[in-house]
Amino acid sequence: MAVELDVHPRLVLPGQGEVLNETEGRWSEILCDTEELVVSLFRRAGGIPGPDLHVHREHADAFYVLEGTLVVPLGPDAEPEHVAAGSLALAPPLVAHAFRMDAGAVALLNVHAPGLGFGDYLRGTNERFDQEEPPPGGGRPRTDAVLGSAVERDEPGLRVVRHADEPQLAATEVVRAPAADAPPETDDRRLGVYVLEGTLLLEAGGREHVAPAGSWLDVPAGLPHALRAHGGAGVRTLELHVPV
């Protein structure tokens, strides 16, 4: 179950989110369900069908691949993009997209920003979710989708790779070395952190909280906090910033 911290971050330990679909070849777990952000962990066997091509009018839809290769059709012609593990694809509003498991089993984080009730859509209780068939003409061009990454910082103890920087969502992958300095910081956006490798230490409100690989952390906007590697090894995280 989720652990509510005193200063209002939220820690979800591995496997302790809200599991919705647990069947052969298909598994879904909601890690974060807020107004600003919904993050779900999906595991799909190869050949399991994904959604039809669709658009969202008011929010961005992103896919960060944890394992395997996800096929993401994009744009009016549904041109497929193969997104490998460690990569992210983001469809801004009105960019047509879908996803498929053509290349075998896949594990991924699916991110909707803002959330707009996607958690209830997964639960089957929100039929008016912001999702529809592409408009006449197919919507915005494929080139408006966000693919690829760029190194933003690379210095002793810290490496930051930028995956996306859209109005709805900024996504970075951060590697912190053990014992690297981590002064407190404050952000006017909501911060979500998924621990990819290693163990992360969150310091907030005068307390320390340990998040092993596979954990999710939700840090409210404006809360002073520090993130650093825990123990003798480094830590790699996916960090999502969304406006509030």
# chains A, B, ... in the order shown; residues from 1 in each chain; ligands from 1
call {"tool": "residues_around", "arguments": {"residues": "Ser215 of chain A", "least_positions_apart": "4", "cutoff": "6 Å", "atoms": "only C-alpha atoms", "output": "number ranges by chain"}}
result
A: 12-14, 194-195, 211
call {"tool": "residues_around", "arguments": {"residues": "Ile48 of chain A", "least_positions_apart": "6", "cutoff": "12 Å", "atoms": "only C-alpha atoms", "output": "PyMOL selection string"}}
result
chain A and resi 23-27+42+70-71+99-106
call {"tool": "closest_atom_pairs", "arguments": {"of": "segment 12-61 of chain A", "to": "segment 142-165 of chain A", "cutoff": "12 Å", "atoms": "only C-alpha atoms", "output": "CSV"}}
result
residue,atom,partner,partner_atom,distance
A:Val55,CA,A:Ala145,CA,11.9
A:Ala60,CA,A:Ala145,CA,9.9
A:Asp61,CA,A:Ala145,CA,10.1
call {"tool": "closest_residue", "arguments": {"among": "A:Gly47, A:Gly206, A:Gly138, A:Pro243", "to": "Gly192 of chain A", "atoms": "only C-alpha atoms"}}
result
A:Pro243
call {"tool": "residues_around", "arguments": {"residues": "Glu239 of chain A", "least_positions_apart": "2", "cutoff": "7 Å", "atoms": "only C-alpha atoms", "output": "list in words"}}
result
Ala171, Thr172, Glu173, Leu191, Gly192, Val193, Tyr194, Thr237 and His241 of chain A
call {"tool": "select_by_dssp", "arguments": {"residues": "segment 77-244 of chain A", "states": "strand (DSSP E)", "output": "VMD selection string"}}
result
chain A and resid 79 to 84 88 to 91 106 to 113 146 to 147 150 to 155 158 to 165 170 to 176 190 to 197 199 to 204 207 to 212 216 to 219 226 to 229 235 to 242
call {"tool": "select_by_dssp", "arguments": {"residues": "segment 53-153 of chain A", "states": "alpha helix (DSSP H)", "output": "PyMOL selection string"}}
result
chain A and resi 118-123
call {"tool": "write_last_selection", "arguments": {"atoms": "C-alpha atoms", "output": "CSV table (one decimal), in the first residue's frame"}}
result
chain,number,residue,atom,x,y,z
A,118,PHE,CA,-7.3,8.7,-16.8
A,119,GLY,CA,-7.2,6.7,-13.7
A,120,ASP,CA,-10.9,6.3,-13.7
A,121,TYR,CA,-10.8,5.6,-17.4
A,122,LEU,CA,-8.6,2.6,-16.7
A,123,ARG,CA,-11.0,1.6,-13.9
call {"tool": "residues_around", "arguments": {"residues": "His59 of chain A", "least_positions_apart": "3", "cutoff": "6 Å", "atoms": "only C-alpha atoms", "output": "PyMOL selection string"}}
result
chain A and resi 56+93+113-114
call {"tool": "residues_around", "arguments": {"residues": "Gly214 of chain A", "least_positions_apart": "3", "cutoff": "12 Å", "atoms": "only C-alpha atoms", "output": "CSV table (one decimal) with N, CA and C atoms, in the first residue's frame"}}
result
chain,number,residue,atom,x,y,z
A,11,LEU,N,4.9,7.9,-1.1
A,11,LEU,CA,5.9,6.9,-1.5
A,11,LEU,C,5.1,5.6,-1.8
A,12,VAL,N,5.2,5.1,-3.0
A,12,VAL,CA,4.6,3.8,-3.4
A,12,VAL,C,5.7,2.8,-3.6
A,13,LEU,N,5.8,1.8,-2.8
A,13,LEU,CA,6.9,0.8,-2.9
A,13,LEU,C,6.6,-0.1,-4.0
A,14,PRO,N,7.6,-0.9,-4.5
A,14,PRO,CA,7.4,-1.8,-5.7
A,14,PRO,C,6.3,-2.7,-5.5
A,15,GLY,N,5.4,-2.8,-6.5
A,15,GLY,CA,4.3,-3.7,-6.5
A,15,GLY,C,3.1,-3.3,-5.6
A,16,GLN,N,3.2,-2.1,-5.0
A,16,GLN,CA,2.1,-1.7,-4.0
A,16,GLN,C,1.3,-0.6,-4.5
A,17,GLY,N,1.2,-0.4,-5.8
A,17,GLY,CA,0.2,0.6,-6.4
A,17,GLY,C,-1.1,-0.1,-6.5
A,29,GLU,N,-0.9,-1.3,-13.3
A,29,GLU,CA,-0.8,-0.8,-11.9
A,29,GLU,C,-0.7,0.7,-11.9
A,31,LEU,N,0.3,4.0,-10.3
A,31,LEU,CA,1.3,4.5,-9.3
A,31,LEU,C,0.9,5.9,-8.8
A,41,LEU,N,1.9,1.8,-14.6
A,41,LEU,CA,2.9,0.8,-15.0
A,41,LEU,C,2.2,-0.3,-15.7
A,66,LEU,N,10.5,0.6,-20.1
A,66,LEU,CA,11.4,0.0,-19.1
A,66,LEU,C,12.1,-1.3,-19.6
A,107,ALA,N,7.5,-3.7,-20.9
A,107,ALA,CA,7.1,-3.1,-19.6
A,107,ALA,C,7.3,-1.6,-19.8
A,108,LEU,N,6.4,-0.7,-19.4
A,108,LEU,CA,6.5,0.7,-19.7
A,108,LEU,C,5.7,1.5,-18.6
A,109,LEU,N,6.1,2.7,-18.5
A,109,LEU,CA,5.4,3.7,-17.7
A,109,LEU,C,4.6,4.5,-18.7
A,193,VAL,N,8.8,10.9,-9.3
A,193,VAL,CA,10.1,10.2,-9.5
A,193,VAL,C,9.8,8.7,-9.5
A,194,TYR,N,10.3,8.1,-10.5
A,194,TYR,CA,10.3,6.6,-10.6
A,194,TYR,C,11.8,6.1,-10.5
A,195,VAL,N,12.0,5.2,-9.5
A,195,VAL,CA,13.4,4.7,-9.3
A,195,VAL,C,13.7,3.6,-10.3
A,196,LEU,N,14.6,3.8,-11.3
A,196,LEU,CA,14.9,2.9,-12.3
A,196,LEU,C,15.9,1.8,-11.8
A,197,GLU,N,17.0,2.3,-11.2
A,197,GLU,CA,18.1,1.4,-10.7
A,197,GLU,C,18.6,2.0,-9.4
A,198,GLY,N,19.0,1.1,-8.5
A,198,GLY,CA,19.6,1.6,-7.2
A,198,GLY,C,18.5,1.9,-6.2
A,199,THR,N,18.9,2.7,-5.2
A,199,THR,CA,18.0,3.1,-4.1
A,199,THR,C,18.2,4.6,-3.9
A,200,LEU,N,17.0,5.2,-3.9
A,200,LEU,CA,17.0,6.7,-3.8
A,200,LEU,C,16.6,7.1,-2.3
A,210,VAL,N,13.5,6.0,2.2
A,210,VAL,CA,14.3,5.2,1.3
A,210,VAL,C,13.4,4.6,0.3
A,211,ALA,N,13.7,4.7,-1.0
A,211,ALA,CA,12.9,4.2,-2.1
A,211,ALA,C,13.8,3.3,-3.0
A,217,LEU,N,7.7,8.1,-6.2
A,217,LEU,CA,7.6,9.2,-5.2
A,217,LEU,C,6.9,10.3,-5.9
A,235,VAL,N,22.3,5.8,-8.2
A,235,VAL,CA,20.9,5.6,-8.4
A,235,VAL,C,20.5,6.3,-9.7
A,236,ARG,N,19.6,5.7,-10.5
A,236,ARG,CA,19.1,6.2,-11.7
A,236,ARG,C,17.6,6.4,-11.6
A,237,THR,N,17.1,7.6,-11.9
A,237,THR,CA,15.7,7.9,-11.8
A,237,THR,C,15.1,8.5,-13.0
A,238,LEU,N,13.8,8.3,-13.2
A,238,LEU,CA,13.0,9.1,-14.2
A,238,LEU,C,12.2,10.1,-13.4
call {"tool": "atom_distance", "arguments": {"atom1": "atom CA of Ala96 of chain A", "atom2": "atom CA of His112 of chain A"}}
result
14.5 Å
call {"tool": "atom_distance", "arguments": {"atom1": "atom CA of Leu240 of chain A", "atom2": "atom CA of Arg190 of chain A"}}
result
8.0 Å
call {"tool": "closest_residue", "arguments": {"among": "A:His225, A:Arg57, A:Glu185, A:Arg10", "to": "Leu116 of chain A", "atoms": "only C-alpha atoms"}}
result
A:Arg57
call {"tool": "closest_residue", "arguments": {"among": "A:Leu201, A:Glu127, A:Val95, A:Arg189", "to": "Gly222 of chain A", "atoms": "only C-alpha atoms"}}
result
A:Arg189
